[in-house]
file entry.pdb (PDB, C-alpha atoms)
ATOM      1  CA  MET S  96      19.786  25.334   4.901  1.00  0.00           C
ATOM      2  CA  SER S  97      17.825  22.625   3.159  1.00  0.00           C
ATOM      3  CA  VAL S  98      18.969  19.090   3.737  1.00  0.00           C
ATOM      4  CA  THR S  99      19.044  16.449   1.038  1.00  0.00           C
ATOM      5  CA  ALA S 100      19.386  12.810   1.905  1.00  0.00           C
ATOM      6  CA  THR S 101      22.065  10.686   0.270  1.00  0.00           C
ATOM      7  CA  ILE S 102      20.453   7.430  -0.828  1.00  0.00           C
ATOM      8  CA  ARG S 103      22.267   4.594  -2.551  1.00  0.00           C
ATOM      9  CA  ILE S 104      21.271   1.074  -3.433  1.00  0.00           C
ATOM     10  CA  GLN S 105      24.341  -0.806  -4.513  1.00  0.00           C
ATOM     11  CA  GLU S 106      25.885  -4.243  -4.868  1.00  0.00           C
ATOM     12  CA  GLY S 107      29.303  -3.254  -3.539  1.00  0.00           C
ATOM     13  CA  ASP S 108      30.419  -2.626   0.028  1.00  0.00           C
ATOM     14  CA  PHE S 109      30.563   0.786   1.713  1.00  0.00           C
ATOM     15  CA  ASP S 110      33.006   2.355   4.157  1.00  0.00           C
ATOM     16  CA  VAL S 111      31.198   3.539   7.290  1.00  0.00           C
ATOM     17  CA  ALA S 112      33.910   6.009   8.388  1.00  0.00           C
ATOM     18  CA  GLN S 113      34.085   7.507   4.893  1.00  0.00           C
ATOM     19  CA  GLU S 114      30.309   7.982   4.788  1.00  0.00           C
ATOM     20  CA  ILE S 115      30.300   9.725   8.186  1.00  0.00           C
ATOM     21  CA  ALA S 116      33.138  11.983   7.050  1.00  0.00           C
ATOM     22  CA  ALA S 117      31.261  12.864   3.852  1.00  0.00           C
ATOM     23  CA  LEU S 118      28.370  14.089   5.996  1.00  0.00           C
ATOM     24  CA  THR S 119      30.353  16.039   8.599  1.00  0.00           C
ATOM     25  CA  ASN S 120      33.559  17.292   6.965  1.00  0.00           C
ATOM     26  CA  GLY S 121      34.011  21.048   7.094  1.00  0.00           C
ATOM     27  CA  ARG S 122      30.935  21.606   9.254  1.00  0.00           C
ATOM     28  CA  THR S 123      30.749  22.992  12.775  1.00  0.00           C
ATOM     29  CA  ASP S 124      26.966  23.100  13.145  1.00  0.00           C
ATOM     30  CA  ILE S 125      26.430  19.359  13.658  1.00  0.00           C
ATOM     31  CA  GLY S 126      26.332  18.234  17.298  1.00  0.00           C
ATOM     32  CA  ALA S 127      25.303  14.602  16.979  1.00  0.00           C
ATOM     33  CA  VAL S 128      25.820  11.798  14.470  1.00  0.00           C
ATOM     34  CA  VAL S 129      24.089   8.441  14.901  1.00  0.00           C
ATOM     35  CA  THR S 130      25.179   5.520  12.734  1.00  0.00           C
ATOM     36  CA  PHE S 131      23.404   2.200  12.342  1.00  0.00           C
ATOM     37  CA  SER S 132      25.144  -0.575  10.422  1.00  0.00           C
ATOM     38  CA  GLY S 133      23.328  -3.809   9.699  1.00  0.00           C
ATOM     39  CA  ILE S 134      25.794  -6.678   9.323  1.00  0.00           C
ATOM     40  CA  CYS S 135      25.285 -10.234   8.032  1.00  0.00           C
ATOM     41  CA  ARG S 136      25.326 -12.693  10.969  1.00  0.00           C
ATOM     42  CA  GLY S 137      27.157 -15.994  10.608  1.00  0.00           C
ATOM     43  CA  SER S 138      24.331 -17.975  12.200  1.00  0.00           C
ATOM     44  CA  GLU S 139      20.570 -17.919  12.570  1.00  0.00           C
ATOM     45  CA  ASN S 140      18.844 -19.804  15.402  1.00  0.00           C
ATOM     46  CA  GLY S 141      22.092 -21.636  16.111  1.00  0.00           C
ATOM     47  CA  GLU S 142      22.498 -22.806  12.504  1.00  0.00           C
ATOM     48  CA  PRO S 143      25.549 -21.564  10.578  1.00  0.00           C
ATOM     49  CA  ILE S 144      24.866 -19.478   7.470  1.00  0.00           C
ATOM     50  CA  ALA S 145      27.149 -19.440   4.413  1.00  0.00           C
ATOM     51  CA  ALA S 146      25.742 -16.173   2.993  1.00  0.00           C
ATOM     52  CA  LEU S 147      22.661 -14.067   2.438  1.00  0.00           C
ATOM     53  CA  THR S 148      21.437 -13.051  -1.002  1.00  0.00           C
ATOM     54  CA  LEU S 149      19.349  -9.884  -1.120  1.00  0.00           C
ATOM     55  CA  GLU S 150      16.848  -9.444  -3.929  1.00  0.00           C
ATOM     56  CA  HIS S 151      15.292  -6.009  -4.446  1.00  0.00           C
ATOM     57  CA  TYR S 152      12.741  -4.230  -6.613  1.00  0.00           C
ATOM     58  CA  PRO S 153      14.769  -1.640  -8.555  1.00  0.00           C
ATOM     59  CA  GLY S 154      12.992   1.697  -8.754  1.00  0.00           C
ATOM     60  CA  MET S 155      10.531   0.957  -5.976  1.00  0.00           C
ATOM     61  CA  ALA S 156      13.334   0.344  -3.449  1.00  0.00           C
ATOM     62  CA  GLU S 157      14.675   3.857  -4.123  1.00  0.00           C
ATOM     63  CA  ALA S 158      11.168   5.344  -4.088  1.00  0.00           C
ATOM     64  CA  GLU S 159      10.292   3.789  -0.715  1.00  0.00           C
ATOM     65  CA  ILE S 160      13.549   4.931   0.871  1.00  0.00           C
ATOM     66  CA  VAL S 161      13.051   8.475  -0.472  1.00  0.00           C
ATOM     67  CA  ARG S 162       9.504   8.488   0.914  1.00  0.00           C
ATOM     68  CA  HIS S 163      10.790   7.586   4.379  1.00  0.00           C
ATOM     69  CA  THR S 164      13.809   9.886   4.359  1.00  0.00           C
ATOM     70  CA  ASP S 165      11.466  12.737   3.343  1.00  0.00           C
ATOM     71  CA  GLU S 166       9.268  11.878   6.320  1.00  0.00           C
ATOM     72  CA  ALA S 167      12.278  11.734   8.675  1.00  0.00           C
ATOM     73  CA  LEU S 168      13.446  15.143   7.417  1.00  0.00           C
ATOM     74  CA  SER S 169      10.014  16.611   8.079  1.00  0.00           C
ATOM     75  CA  ARG S 170       9.661  15.067  11.555  1.00  0.00           C
ATOM     76  CA  TRP S 171      13.106  15.742  13.029  1.00  0.00           C
ATOM     77  CA  PRO S 172      15.516  18.699  12.776  1.00  0.00           C
ATOM     78  CA  LEU S 173      18.148  16.797  10.827  1.00  0.00           C
ATOM     79  CA  GLN S 174      21.245  18.341   9.256  1.00  0.00           C
ATOM     80  CA  GLY S 175      22.306  15.318   7.245  1.00  0.00           C
ATOM     81  CA  LEU S 176      20.992  11.891   6.315  1.00  0.00           C
ATOM     82  CA  THR S 177      22.519   8.926   4.510  1.00  0.00           C
ATOM     83  CA  VAL S 178      20.915   5.570   3.699  1.00  0.00           C
ATOM     84  CA  ILE S 179      22.816   2.858   1.837  1.00  0.00           C
ATOM     85  CA  HIS S 180      21.340  -0.599   1.214  1.00  0.00           C
ATOM     86  CA  ARG S 181      23.215  -3.396  -0.510  1.00  0.00           C
ATOM     87  CA  PHE S 182      21.811  -6.155  -2.703  1.00  0.00           C
ATOM     88  CA  GLY S 183      23.290  -9.378  -4.084  1.00  0.00           C
ATOM     89  CA  ARG S 184      25.298 -11.995  -2.186  1.00  0.00           C
ATOM     90  CA  ILE S 185      26.616 -10.900   1.207  1.00  0.00           C
ATOM     91  CA  ALA S 186      28.882 -13.075   3.388  1.00  0.00           C
ATOM     92  CA  PRO S 187      28.856 -13.190   7.219  1.00  0.00           C
ATOM     93  CA  GLY S 188      30.628 -10.165   8.673  1.00  0.00           C
ATOM     94  CA  GLU S 189      29.890  -7.983   5.636  1.00  0.00           C
ATOM     95  CA  ASN S 190      27.773  -4.840   5.702  1.00  0.00           C
ATOM     96  CA  ILE S 191      24.142  -4.960   4.546  1.00  0.00           C
ATOM     97  CA  VAL S 192      22.698  -1.549   5.371  1.00  0.00           C
ATOM     98  CA  LEU S 193      23.810   1.837   6.700  1.00  0.00           C
ATOM     99  CA  VAL S 194      21.781   4.690   8.166  1.00  0.00           C
ATOM    100  CA  ILE S 195      23.509   7.896   9.284  1.00  0.00           C
ATOM    101  CA  THR S 196      21.617  10.803  10.833  1.00  0.00           C
ATOM    102  CA  ALA S 197      23.092  14.147  11.900  1.00  0.00           C
ATOM    103  CA  SER S 198      21.422  16.789  14.057  1.00  0.00           C
ATOM    104  CA  PRO S 199      22.328  19.581  16.494  1.00  0.00           C
ATOM    105  CA  HIS S 200      21.359  17.407  19.498  1.00  0.00           C
ATOM    106  CA  ARG S 201      21.358  13.650  19.970  1.00  0.00           C
ATOM    107  CA  GLN S 202      17.678  12.874  20.460  1.00  0.00           C
ATOM    108  CA  ALA S 203      16.612  13.736  16.905  1.00  0.00           C
ATOM    109  CA  ALA S 204      19.493  11.756  15.406  1.00  0.00           C
ATOM    110  CA  PHE S 205      18.747   8.669  17.551  1.00  0.00           C
ATOM    111  CA  GLU S 206      15.007   8.746  16.868  1.00  0.00           C
ATOM    112  CA  ALA S 207      15.291   9.381  13.130  1.00  0.00           C
ATOM    113  CA  ALA S 208      17.818   6.555  12.698  1.00  0.00           C
ATOM    114  CA  GLU S 209      15.552   4.133  14.553  1.00  0.00           C
ATOM    115  CA  PHE S 210      12.487   5.267  12.605  1.00  0.00           C
ATOM    116  CA  LEU S 211      14.284   4.767   9.288  1.00  0.00           C
ATOM    117  CA  MET S 212      15.534   1.294  10.202  1.00  0.00           C
ATOM    118  CA  ASP S 213      12.107   0.181  11.456  1.00  0.00           C
ATOM    119  CA  TYR S 214      10.545   1.263   8.150  1.00  0.00           C
ATOM    120  CA  LEU S 215      13.320  -0.138   5.975  1.00  0.00           C
ATOM    121  CA  LYS S 216      12.740  -3.546   7.576  1.00  0.00           C
ATOM    122  CA  THR S 217       9.011  -3.634   6.855  1.00  0.00           C
ATOM    123  CA  ASN S 218       8.416  -1.387   3.817  1.00  0.00           C
ATOM    124  CA  ALA S 219      11.478  -1.296   1.590  1.00  0.00           C
ATOM    125  CA  PRO S 220      11.168  -3.984  -1.108  1.00  0.00           C
ATOM    126  CA  PHE S 221      14.142  -6.181  -0.264  1.00  0.00           C
ATOM    127  CA  TRP S 222      14.057  -9.935   0.437  1.00  0.00           C
ATOM    128  CA  LYS S 223      16.770 -12.024   2.093  1.00  0.00           C
ATOM    129  CA  ARG S 224      17.535 -15.590   1.093  1.00  0.00           C
ATOM    130  CA  GLU S 225      19.758 -17.633   3.402  1.00  0.00           C
ATOM    131  CA  GLU S 226      22.309 -20.146   2.240  1.00  0.00           C
ATOM    132  CA  SER S 227      23.232 -22.893   4.681  1.00  0.00           C
ATOM    133  CA  GLU S 228      24.356 -26.526   4.609  1.00  0.00           C
ATOM    134  CA  LYS S 229      20.698 -27.520   4.281  1.00  0.00           C
ATOM    135  CA  GLY S 230      20.266 -25.453   1.105  1.00  0.00           C
ATOM    136  CA  THR S 231      18.674 -22.077   0.554  1.00  0.00           C
ATOM    137  CA  SER S 232      15.529 -20.619   2.102  1.00  0.00           C
ATOM    138  CA  TRP S 233      13.761 -17.258   2.138  1.00  0.00           C
ATOM    139  CA  VAL S 234      13.969 -15.404   5.441  1.00  0.00           C
ATOM    140  CA  GLU S 235      10.501 -14.968   6.970  1.00  0.00           C
ATOM    141  CA  ALA S 236       9.236 -11.558   8.039  1.00  0.00           C
ATOM    142  CA  ARG S 237       8.939 -11.125  11.787  1.00  0.00           C
ATOM    143  CA  ASP S 238       5.915  -9.799  13.632  1.00  0.00           C
ATOM    144  CA  HIS S 239       8.086  -7.788  16.014  1.00  0.00           C
ATOM    145  CA  ASP S 240       9.480  -5.827  13.048  1.00  0.00           C
ATOM    146  CA  ASP S 241       5.923  -4.814  12.094  1.00  0.00           C
ATOM    147  CA  ALA S 242       5.260  -3.814  15.708  1.00  0.00           C
ATOM    148  CA  ALA S 243       8.471  -1.754  15.777  1.00  0.00           C
ATOM    149  CA  ALA S 244       7.410   0.148  12.638  1.00  0.00           C
ATOM    150  CA  ALA S 245       3.832   0.651  13.876  1.00  0.00           C
ATOM    151  CA  ARG S 246       4.934   2.574  16.962  1.00  0.00           C
ATOM    152  CA  TRP S 247       6.038   5.501  14.741  1.00  0.00           C
ATOM    153  CA  THR S 248       2.564   5.942  13.274  1.00  0.00           C
ATOM    154  CA  LYS S 249       1.050   9.193  14.442  1.00  0.00           C
ATOM    155  CA  PRO S 250      -2.191   8.776  16.413  1.00  0.00           C
TER     156      PRO S 250
ATOM    157  CA  MET T 282      -0.150  -4.307 -18.053  1.00  0.00           C
ATOM    158  CA  LYS T 283       3.173  -5.552 -16.824  1.00  0.00           C
ATOM    159  CA  VAL T 284       3.201  -7.877 -13.811  1.00  0.00           C
ATOM    160  CA  LYS T 285       6.363  -8.427 -11.787  1.00  0.00           C
ATOM    161  CA  TYR T 286       7.098 -11.108  -9.215  1.00  0.00           C
ATOM    162  CA  PHE T 287       9.748 -11.106  -6.509  1.00  0.00           C
ATOM    163  CA  ALA T 288      11.394 -13.553  -4.082  1.00  0.00           C
ATOM    164  CA  TRP T 289       9.465 -16.822  -3.556  1.00  0.00           C
ATOM    165  CA  VAL T 290       6.470 -15.527  -5.539  1.00  0.00           C
ATOM    166  CA  ARG T 291       8.840 -15.165  -8.527  1.00  0.00           C
ATOM    167  CA  GLU T 292      10.283 -18.638  -7.942  1.00  0.00           C
ATOM    168  CA  ARG T 293       6.850 -20.273  -7.704  1.00  0.00           C
ATOM    169  CA  VAL T 294       5.413 -18.502 -10.743  1.00  0.00           C
ATOM    170  CA  GLY T 295       8.614 -19.361 -12.606  1.00  0.00           C
ATOM    171  CA  MET T 296       9.303 -15.932 -14.110  1.00  0.00           C
ATOM    172  CA  ALA T 297      10.250 -12.420 -13.009  1.00  0.00           C
ATOM    173  CA  GLU T 298       7.772 -10.524 -15.170  1.00  0.00           C
ATOM    174  CA  GLU T 299       5.202 -10.852 -17.908  1.00  0.00           C
ATOM    175  CA  THR T 300       2.610  -8.787 -19.743  1.00  0.00           C
ATOM    176  CA  VAL T 301      -1.008  -9.757 -19.128  1.00  0.00           C
ATOM    177  CA  GLU T 302      -4.399  -8.577 -20.357  1.00  0.00           C
ATOM    178  CA  PRO T 303      -6.959  -9.580 -17.742  1.00  0.00           C
ATOM    179  CA  PRO T 304     -10.676  -9.394 -18.601  1.00  0.00           C
ATOM    180  CA  ALA T 305     -12.605  -6.253 -17.694  1.00  0.00           C
ATOM    181  CA  ASP T 306     -14.254  -7.807 -14.624  1.00  0.00           C
ATOM    182  CA  VAL T 307     -10.816  -8.091 -12.965  1.00  0.00           C
ATOM    183  CA  ARG T 308     -10.981  -4.755 -11.150  1.00  0.00           C
ATOM    184  CA  THR T 309      -8.867  -4.976  -8.003  1.00  0.00           C
ATOM    185  CA  VAL T 310      -5.541  -6.393  -6.897  1.00  0.00           C
ATOM    186  CA  ASN T 311      -7.458  -9.209  -5.208  1.00  0.00           C
ATOM    187  CA  ASP T 312      -9.354  -9.936  -8.437  1.00  0.00           C
ATOM    188  CA  LEU T 313      -6.042 -10.060 -10.300  1.00  0.00           C
ATOM    189  CA  ILE T 314      -4.642 -12.561  -7.775  1.00  0.00           C
ATOM    190  CA  GLY T 315      -7.733 -14.709  -8.314  1.00  0.00           C
ATOM    191  CA  TRP T 316      -7.461 -14.478 -12.098  1.00  0.00           C
ATOM    192  CA  LEU T 317      -3.732 -15.244 -12.112  1.00  0.00           C
ATOM    193  CA  SER T 318      -4.329 -18.212  -9.776  1.00  0.00           C
ATOM    194  CA  SER T 319      -6.667 -19.702 -12.373  1.00  0.00           C
ATOM    195  CA  ARG T 320      -3.939 -19.705 -15.023  1.00  0.00           C
ATOM    196  CA  GLY T 321      -2.167 -22.853 -13.855  1.00  0.00           C
ATOM    197  CA  GLU T 322      -0.614 -24.795 -11.005  1.00  0.00           C
ATOM    198  CA  ALA T 323       2.451 -22.581 -10.690  1.00  0.00           C
ATOM    199  CA  TYR T 324       0.298 -19.484 -10.170  1.00  0.00           C
ATOM    200  CA  ALA T 325      -2.070 -21.323  -7.841  1.00  0.00           C
ATOM    201  CA  HIS T 326       0.922 -22.389  -5.745  1.00  0.00           C
ATOM    202  CA  ALA T 327       2.390 -18.849  -5.668  1.00  0.00           C
ATOM    203  CA  PHE T 328      -0.926 -17.318  -4.584  1.00  0.00           C
ATOM    204  CA  GLU T 329      -2.226 -20.170  -2.391  1.00  0.00           C
ATOM    205  CA  LYS T 330      -2.187 -17.857   0.672  1.00  0.00           C
ATOM    206  CA  PRO T 331      -3.400 -14.530  -0.759  1.00  0.00           C
ATOM    207  CA  LYS T 332      -3.305 -12.833   2.668  1.00  0.00           C
ATOM    208  CA  VAL T 333       0.469 -13.229   2.790  1.00  0.00           C
ATOM    209  CA  ILE T 334       1.005 -11.628  -0.625  1.00  0.00           C
ATOM    210  CA  ARG T 335       1.890  -7.924  -0.784  1.00  0.00           C
ATOM    211  CA  ALA T 336       1.256  -5.827  -3.879  1.00  0.00           C
ATOM    212  CA  ALA T 337       2.468  -2.602  -5.434  1.00  0.00           C
ATOM    213  CA  ILE T 338       0.958  -0.571  -8.266  1.00  0.00           C
ATOM    214  CA  ASP T 339       3.435   1.547 -10.225  1.00  0.00           C
ATOM    215  CA  GLN T 340       6.026   1.020  -7.483  1.00  0.00           C
ATOM    216  CA  ALA T 341       3.893   2.094  -4.505  1.00  0.00           C
ATOM    217  CA  HIS T 342       2.436  -0.243  -1.870  1.00  0.00           C
ATOM    218  CA  VAL T 343      -1.319  -0.879  -2.215  1.00  0.00           C
ATOM    219  CA  LYS T 344      -4.014  -2.826  -0.350  1.00  0.00           C
ATOM    220  CA  PRO T 345      -5.772  -5.859  -1.892  1.00  0.00           C
ATOM    221  CA  ASP T 346      -8.879  -3.778  -2.695  1.00  0.00           C
ATOM    222  CA  ALA T 347      -6.902  -1.239  -4.781  1.00  0.00           C
ATOM    223  CA  VAL T 348      -8.312  -0.719  -8.281  1.00  0.00           C
ATOM    224  CA  ILE T 349      -5.926  -1.766 -11.045  1.00  0.00           C
ATOM    225  CA  SER T 350      -7.331   0.182 -13.984  1.00  0.00           C
ATOM    226  CA  GLY T 351      -4.706   2.458 -15.503  1.00  0.00           C
ATOM    227  CA  ALA T 352      -1.820   0.635 -13.800  1.00  0.00           C
ATOM    228  CA  ARG T 353       1.321   0.247 -15.891  1.00  0.00           C
ATOM    229  CA  GLU T 354       3.111  -2.133 -13.546  1.00  0.00           C
ATOM    230  CA  ILE T 355       1.755  -4.357 -10.784  1.00  0.00           C
ATOM    231  CA  ALA T 356       4.120  -6.286  -8.530  1.00  0.00           C
ATOM    232  CA  PHE T 357       3.475  -9.213  -6.191  1.00  0.00           C
ATOM    233  CA  PHE T 358       5.864 -10.247  -3.433  1.00  0.00           C
ATOM    234  CA  PRO T 359       6.092 -11.737   0.060  1.00  0.00           C
ATOM    235  CA  PRO T 360       6.445  -9.562   3.194  1.00  0.00           C
ATOM    236  CA  MET T 361       9.713  -7.650   2.998  1.00  0.00           C
ATOM    237  CA  THR T 362      12.826  -8.717   4.899  1.00  0.00           C
ATOM    238  CA  GLY T 363      15.422  -6.047   4.137  1.00  0.00           C
ATOM    239  CA  GLY T 364      17.381  -3.873   6.516  1.00  0.00           C
TER     240      GLY T 364
END

call {"tool": "encode", "arguments": {"input": "entry.pdb", "output": "structure tokens"}}
result
Amino acid sequence: MSVTATIRIQEGDFDVAQEIAALTNGRTDIGAVVTFSGICRGSENGEPIAALTLEHYPGMAEAEIVRHTDEALSRWPLQGLTVIHRFGRIAPGENIVLVITASPHRQAAFEAAEFLMDYLKTNAPFWKREESEKGTSWVEARDHDDAAAARWTKP
Amino acid sequence: MKVKYFAWVRERVGMAEETVEPPADVRTVNDLIGWLSSRGEAYAHAFEKPKVIRAAIDQAHVKPDAVISGAREIAFFPPMTGG
């Protein structure tokens, strides 16, 4: 059975349990589901944050996520795959991103979810701006995110 | 060709997109950054550290030496911070 990834880029929130159910309902072949939810923290380096605003590049954001879900589907024996990324203003405690992977055994689901998140962080065209008491500032990219993505590159 | 700017590159340039017609000797993404930088202080400020700037041609990531001829849409932005 061919697997198609569900990919959504949206301003509104998503329901994690509902998304898992959409992937698994009525199926008895799936043995493992891994879910990663990225949530807006209420502080950064000890400083409180009022909200994050995510800007994205419409069209390219979808294209980059499709490119990476296609790669995940070719590298791991996945039975289902969902990626949802929000944009716009997001308050502390709210969801930002969701990755769900389903496979017969856990290792593929764990690895594919981690691979997708590492690449979303460094290659999907989204940018976070932080609002705090001091004003707003763009979040800087982190070297360790690049290192995390690089370890998936085939030798 | 259409040029798009995102995040702090967009803020510094002062617009989200524009249509430009660079001269024929502007061949690569790096050349385009240099040419745009010569168009005024706002551009010079946006592109003051060219090594930090990422680029995409027709919605796919490219390196600074990528050739721009035939491109419909070129985008400039800082390193990505999604996820």

call {"tool": "interface_residues", "arguments": {"input": "entry.pdb", "of": "chain S", "to": "chain T", "cutoff": "8 Å", "atoms": "only C-alpha atoms", "output": "NGL selection string"}}
result
:S and (133 or 149-152 or 154-155 or 158-159 or 180 or 191-192 or 212 or 215-223 or 233-236)

call {"tool": "closest_residue", "arguments": {"input": "entry.pdb", "among": "S:Ala112, S:Leu173, S:Ile134, S:Ile102", "to": "Glu157 (chain S)", "atoms": "only C-alpha atoms"}}
result
S:Ile102

call {"tool": "resolve_selection", "arguments": {"input": "entry.pdb", "expression": "the PyMOL selection byres ((chain S and resi 114) around 12)", "output": "VMD selection string"}}
result
chain S and resid 101 to 103 108 to 113 115 to 120 128 to 132 175 to 179 193 to 197

call {"tool": "atom_distance", "arguments": {"input": "entry.pdb", "atom1": "CA of Asp312 (chain T)", "atom2": "CA of Ala347 (chain T)"}}
result
9.7 Å

call {"tool": "residues_around", "arguments": {"input": "entry.pdb", "residues": "Pro303 (chain T)", "least_positions_apart": "4", "cutoff": "8 Å", "atoms": "only C-alpha atoms", "output": "ChimeraX atom specification"}}
result
/T:307,313,316

call {"tool": "atom_distance", "arguments": {"input": "entry.pdb", "atom1": "CA of Val294 (chain T)", "atom2": "CA of Ala323 (chain T)"}}
result
5.0 Å

call {"tool": "closest_residue", "arguments": {"input": "entry.pdb", "among": "S:Phe210, S:Thr231, S:Ser138, S:Ala203", "to": "Thr164 (chain S)", "atoms": "all atoms listed in the file"}}
result
S:Phe210

call {"tool": "atom_distance", "arguments": {"input": "entry.pdb", "atom1": "CA of His326 (chain T)", "atom2": "CA of Lys229 (chain S)"}}
result
22.8 Å

call {"tool": "resolve_selection", "arguments": {"input": "entry.pdb", "expression": "the PyMOL selection byres ((chain T and resi 310) around 12)", "output": "MDAnalysis selection string"}}
result
chainID T and resid 284 303 306:309 311:317 331:332 334:338 342:350 352 354:357

call {"tool": "write_last_selection", "arguments": {"input": "entry.pdb", "atoms": "C-alpha atoms", "output": "PDB file, in the frame of the given file"}}
result
ATOM      1  CA  VAL T 284       3.201  -7.877 -13.811  1.00  0.00           C
ATOM      2  CA  PRO T 303      -6.959  -9.580 -17.742  1.00  0.00           C
ATOM      3  CA  ASP T 306     -14.254  -7.807 -14.624  1.00  0.00           C
ATOM      4  CA  VAL T 307     -10.816  -8.091 -12.965  1.00  0.00           C
ATOM      5  CA  ARG T 308     -10.981  -4.755 -11.150  1.00  0.00           C
ATOM      6  CA  THR T 309      -8.867  -4.976  -8.003  1.00  0.00           C
ATOM      7  CA  ASN T 311      -7.458  -9.209  -5.208  1.00  0.00           C
ATOM      8  CA  ASP T 312      -9.354  -9.936  -8.437  1.00  0.00           C
ATOM      9  CA  LEU T 313      -6.042 -10.060 -10.300  1.00  0.00           C
ATOM     10  CA  ILE T 314      -4.642 -12.561  -7.775  1.00  0.00           C
ATOM     11  CA  GLY T 315      -7.733 -14.709  -8.314  1.00  0.00           C
ATOM     12  CA  TRP T 316      -7.461 -14.478 -12.098  1.00  0.00           C
ATOM     13  CA  LEU T 317      -3.732 -15.244 -12.112  1.00  0.00           C
ATOM     14  CA  PRO T 331      -3.400 -14.530  -0.759  1.00  0.00           C
ATOM     15  CA  LYS T 332      -3.305 -12.833   2.668  1.00  0.00           C
ATOM     16  CA  ILE T 334       1.005 -11.628  -0.625  1.00  0.00           C
ATOM     17  CA  ARG T 335       1.890  -7.924  -0.784  1.00  0.00           C
ATOM     18  CA  ALA T 336       1.256  -5.827  -3.879  1.00  0.00           C
ATOM     19  CA  ALA T 337       2.468  -2.602  -5.434  1.00  0.00           C
ATOM     20  CA  ILE T 338       0.958  -0.571  -8.266  1.00  0.00           C
ATOM     21  CA  HIS T 342       2.436  -0.243  -1.870  1.00  0.00           C
ATOM     22  CA  VAL T 343      -1.319  -0.879  -2.215  1.00  0.00           C
ATOM     23  CA  LYS T 344      -4.014  -2.826  -0.350  1.00  0.00           C
ATOM     24  CA  PRO T 345      -5.772  -5.859  -1.892  1.00  0.00           C
ATOM     25  CA  ASP T 346      -8.879  -3.778  -2.695  1.00  0.00           C
ATOM     26  CA  ALA T 347      -6.902  -1.239  -4.781  1.00  0.00           C
ATOM     27  CA  VAL T 348      -8.312  -0.719  -8.281  1.00  0.00           C
ATOM     28  CA  ILE T 349      -5.926  -1.766 -11.045  1.00  0.00           C
ATOM     29  CA  SER T 350      -7.331   0.182 -13.984  1.00  0.00           C
ATOM     30  CA  ALA T 352      -1.820   0.635 -13.800  1.00  0.00           C
ATOM     31  CA  GLU T 354       3.111  -2.133 -13.546  1.00  0.00           C
ATOM     32  CA  ILE T 355       1.755  -4.357 -10.784  1.00  0.00           C
ATOM     33  CA  ALA T 356       4.120  -6.286  -8.530  1.00  0.00           C
ATOM     34  CA  PHE T 357       3.475  -9.213  -6.191  1.00  0.00           C
TER      35      PHE T 357
END

call {"tool": "resolve_selection", "arguments": {"input": "entry.pdb", "expression": "the PyMOL selection byres ((chain S and resi 146) around 7)", "output": "list of chain:residue names"}}
result
S:Ile144, S:Ala145, S:Leu147, S:Thr148, S:Arg184, S:Ile185, S:Ala186, S:Pro187, S:Glu225, S:Glu226

call {"tool": "closest_residue", "arguments": {"input": "entry.pdb", "among": "T:Ala327, T:Arg353, T:Arg320, T:Val333", "to": "Arg293 (chain T)", "atoms": "only C-alpha atoms"}}
result
T:Ala327

call {"tool": "axis_aligned_box", "arguments": {"input": "entry.pdb", "around": "region 340-357 of chain T", "padding_each_side": "5 Å", "output": "JSON"}}
result
{"center_x": -1.4, "center_y": -3.4, "center_z": -8.1, "size_x": 24.9, "size_y": 21.7, "size_z": 25.5}

call {"tool": "build_atoms", "arguments": {"input": "entry.pdb", "residues": "region 111-120 of chain S", "atoms": "N, CA and C atoms", "output": "compact mmCIF listing (two decimals), in the frame of the given file"}}
result
# COMPACT_ATOMS: atom_id res chain seq x y z
N VAL S 111 32.00 2.78 6.33
CA VAL S 111 31.20 3.54 7.29
C VAL S 111 31.89 4.86 7.66
N ALA S 112 33.19 4.80 7.96
CA ALA S 112 33.91 6.01 8.39
C ALA S 112 33.90 7.06 7.28
N GLN S 113 34.07 6.59 6.04
CA GLN S 113 34.08 7.51 4.89
C GLN S 113 32.72 8.18 4.71
N GLU S 114 31.66 7.42 4.94
CA GLU S 114 30.31 7.98 4.79
C GLU S 114 30.01 9.01 5.88
N ILE S 115 30.49 8.74 7.11
CA ILE S 115 30.30 9.72 8.19
C ILE S 115 31.07 11.00 7.84
N ALA S 116 32.31 10.83 7.39
CA ALA S 116 33.14 11.98 7.05
C ALA S 116 32.50 12.83 5.95
N ALA S 117 31.89 12.15 4.97
CA ALA S 117 31.26 12.86 3.85
C ALA S 117 30.13 13.76 4.35
N LEU S 118 29.50 13.34 5.45
CA LEU S 118 28.37 14.09 6.00
C LEU S 118 28.83 15.24 6.88
N THR S 119 29.97 15.08 7.55
CA THR S 119 30.35 16.04 8.60
C THR S 119 31.54 16.92 8.25
N ASN S 120 32.34 16.54 7.26
CA ASN S 120 33.56 17.29 6.96
C ASN S 120 33.30 18.76 6.70
